[in-house]
Amino acid sequence: MVKWTDKERSTVRTVWESIDIDELGPEVLRRVLIVYPWTERYFGAFGDIFTTTAILQNPKVAAHGIVVLRALDQAVKNMDNIKDTYAALSRLHFEKLEVDPDNFRLLADCITISVACKLRAEMNPQVQATWQKFLQAVVDAMCAQYY
């Protein structure tokens with residue numbers, strides 16, 4: 001279990017409150033698919049996602065990006081119990097979807113980049129360190145069923 005200071009909890013909440021899930025969710029998943037094209041293999045049901053233009057215009061990509069960030073909202077609300085909060089989701093990605101767990105780190109990196117682009121100077125090194133600590137806890141929870 002991750003230990004959080006009051007300052008870290010406040011920082012995570014402040015960052016999260018600045019995020020518009022409907023805006024940032026699609027951006028994050030689009031970034032993952034464009035920057036790491038091998039991740040397309042997990043989204044075969046999304047139709048054509050083989051070019052940047054197709055990814056940017058695909059409504060299923062946008063919708064799933066929103067789903068991903070809504071799941072992240074659960075981690076923000078349950079910072080003391082992220083592993084249990086994500087247990088079923090981790091099992092799903094391991095047992096049924098067979099997602100390579102390294103992709104969770106790639107997704108976290110894309111979330112951080114997208115958040116940093118939005119927050120700009122507000123994403124100073126201390127805020128970034130706290131945000132990345134939070135996302136690492138999420139990644140660890142998502143990988144829990146793999147080990």
# chains A, B, ... in the order shown; residues from 1 in each chain; ligands from 1
>>> residues_around(residues="Tyr147 in chain A", least_positions_apart="2", cutoff="12 Å", atoms="only C-alpha atoms", output="list in words")
Ser90, Arg91, Phe94, Pro101, Asp140, Ala141, Met142, Cys143, Ala144 and Gln145 of chain A
>>> residues_around(residues="Phe50 in chain A", least_positions_apart="5", cutoff="10 Å", atoms="only C-alpha atoms", output="VMD selection string")
chain A and resid 33 to 34 37 40 55
>>> write_last_selection(atoms="all heavy atoms", output="mmCIF file, in the first residue's frame")
data_model
loop_
_atom_site.group_PDB
_atom_site.id
_atom_site.type_symbol
_atom_site.label_atom_id
_atom_site.label_comp_id
_atom_site.auth_asym_id
_atom_site.auth_seq_id
_atom_site.Cartn_x
_atom_site.Cartn_y
_atom_site.Cartn_z
ATOM 1 N N LEU A 33 -2.093 5.322 -29.062
ATOM 2 C CA LEU A 33 -2.170 4.592 -30.332
ATOM 3 C C LEU A 33 -1.247 5.161 -31.405
ATOM 4 O O LEU A 33 -0.730 4.417 -32.238
ATOM 5 C CB LEU A 33 -3.610 4.560 -30.831
ATOM 6 C CG LEU A 33 -4.575 3.731 -29.976
ATOM 7 C CD1 LEU A 33 -6.019 4.006 -30.372
ATOM 8 C CD2 LEU A 33 -4.248 2.257 -30.079
ATOM 9 N N ILE A 34 -1.040 6.458 -31.389
ATOM 10 C CA ILE A 34 -0.167 7.090 -32.390
ATOM 11 C C ILE A 34 1.300 6.905 -32.026
ATOM 12 O O ILE A 34 2.121 6.540 -32.873
ATOM 13 C CB ILE A 34 -0.528 8.585 -32.557
ATOM 14 C CG1 ILE A 34 -1.920 8.707 -33.202
ATOM 15 C CG2 ILE A 34 0.532 9.311 -33.387
ATOM 16 C CD1 ILE A 34 -2.520 10.111 -33.129
ATOM 17 N N PRO A 37 2.257 2.445 -31.837
ATOM 18 C CA PRO A 37 1.302 1.823 -32.760
ATOM 19 C C PRO A 37 1.057 0.333 -32.520
ATOM 20 O O PRO A 37 0.004 -0.183 -32.896
ATOM 21 C CB PRO A 37 1.908 2.081 -34.145
ATOM 22 C CG PRO A 37 3.314 2.477 -33.907
ATOM 23 C CD PRO A 37 3.400 3.030 -32.531
ATOM 24 N N GLU A 40 -2.263 -1.006 -31.032
ATOM 25 C CA GLU A 40 -3.484 -1.160 -31.838
ATOM 26 C C GLU A 40 -4.043 -2.570 -31.746
ATOM 27 O O GLU A 40 -5.246 -2.771 -31.870
ATOM 28 C CB GLU A 40 -3.200 -0.819 -33.305
ATOM 29 C CG GLU A 40 -2.854 0.616 -33.559
ATOM 30 C CD GLU A 40 -2.316 0.853 -34.969
ATOM 31 O OE1 GLU A 40 -2.230 -0.109 -35.759
ATOM 32 O OE2 GLU A 40 -1.970 2.008 -35.253
ATOM 33 N N ILE A 55 -7.212 7.274 -36.434
ATOM 34 C CA ILE A 55 -7.240 7.280 -34.959
ATOM 35 C C ILE A 55 -7.917 8.547 -34.453
ATOM 36 O O ILE A 55 -8.774 8.495 -33.568
ATOM 37 C CB ILE A 55 -5.815 7.150 -34.388
ATOM 38 C CG1 ILE A 55 -5.256 5.752 -34.670
ATOM 39 C CG2 ILE A 55 -5.789 7.455 -32.893
ATOM 40 C CD1 ILE A 55 -3.765 5.608 -34.442
#
>>> residues_around(residues="Arg30 in chain A", least_positions_apart="5", cutoff="9 Å", atoms="only C-alpha atoms", output="list in words")
Gly25, Val35, Thr52, Ile55, Leu56, Val61, Ala62 and Gly65 of chain A
>>> select_by_dssp(residues="range 13-146 of chain A", states="alpha helix (DSSP H)", output="number ranges by chain")
A: 13-17, 21-35, 52-57, 59-77, 82-85, 87-91, 102-119, 125-142
>>> residues_around(residues="Asn78 in chain A", least_positions_apart="3", cutoff="12 Å", atoms="only C-alpha atoms", output="number ranges by chain")
A: 1-2, 4, 9, 12-13, 71-75, 81-86, 134, 137-138
>>> residues_around(residues="Glu8 in chain A", least_positions_apart="4", cutoff="12 Å", atoms="only C-alpha atoms", output="MDAnalysis selection string")
chainID A and resid 2:4 12:15 76 79 126:134
>>> atom_distance(atom1="CA of Lys60 in chain A", atom2="CA of Glu23 in chain A")
14.2 Å
>>> atom_distance(atom1="CA of Ala63 in chain A", atom2="CA of Tyr146 in chain A")
26.4 Å
>>> atom_distance(atom1="CA of Glu27 in chain A", atom2="CA of Glu95 in chain A")
27.1 Å
>>> closest_residue(among="A:Ala87, A:Leu119, A:Ile19, A:Leu97", to="Gly44 in chain A", atoms="only C-alpha atoms")
A:Leu97
>>> closest_residue(among="A:Ile49, A:Val68, A:Leu135, A:Ala54", to="Pro26 in chain A", atoms="only C-alpha atoms")
A:Val68
>>> residues_around(residues="Leu106 in chain A", least_positions_apart="2", cutoff="12 Å", atoms="only C-alpha atoms", output="number ranges by chain")
A: 28-29, 31-39, 100-104, 108-113, 135-136, 139
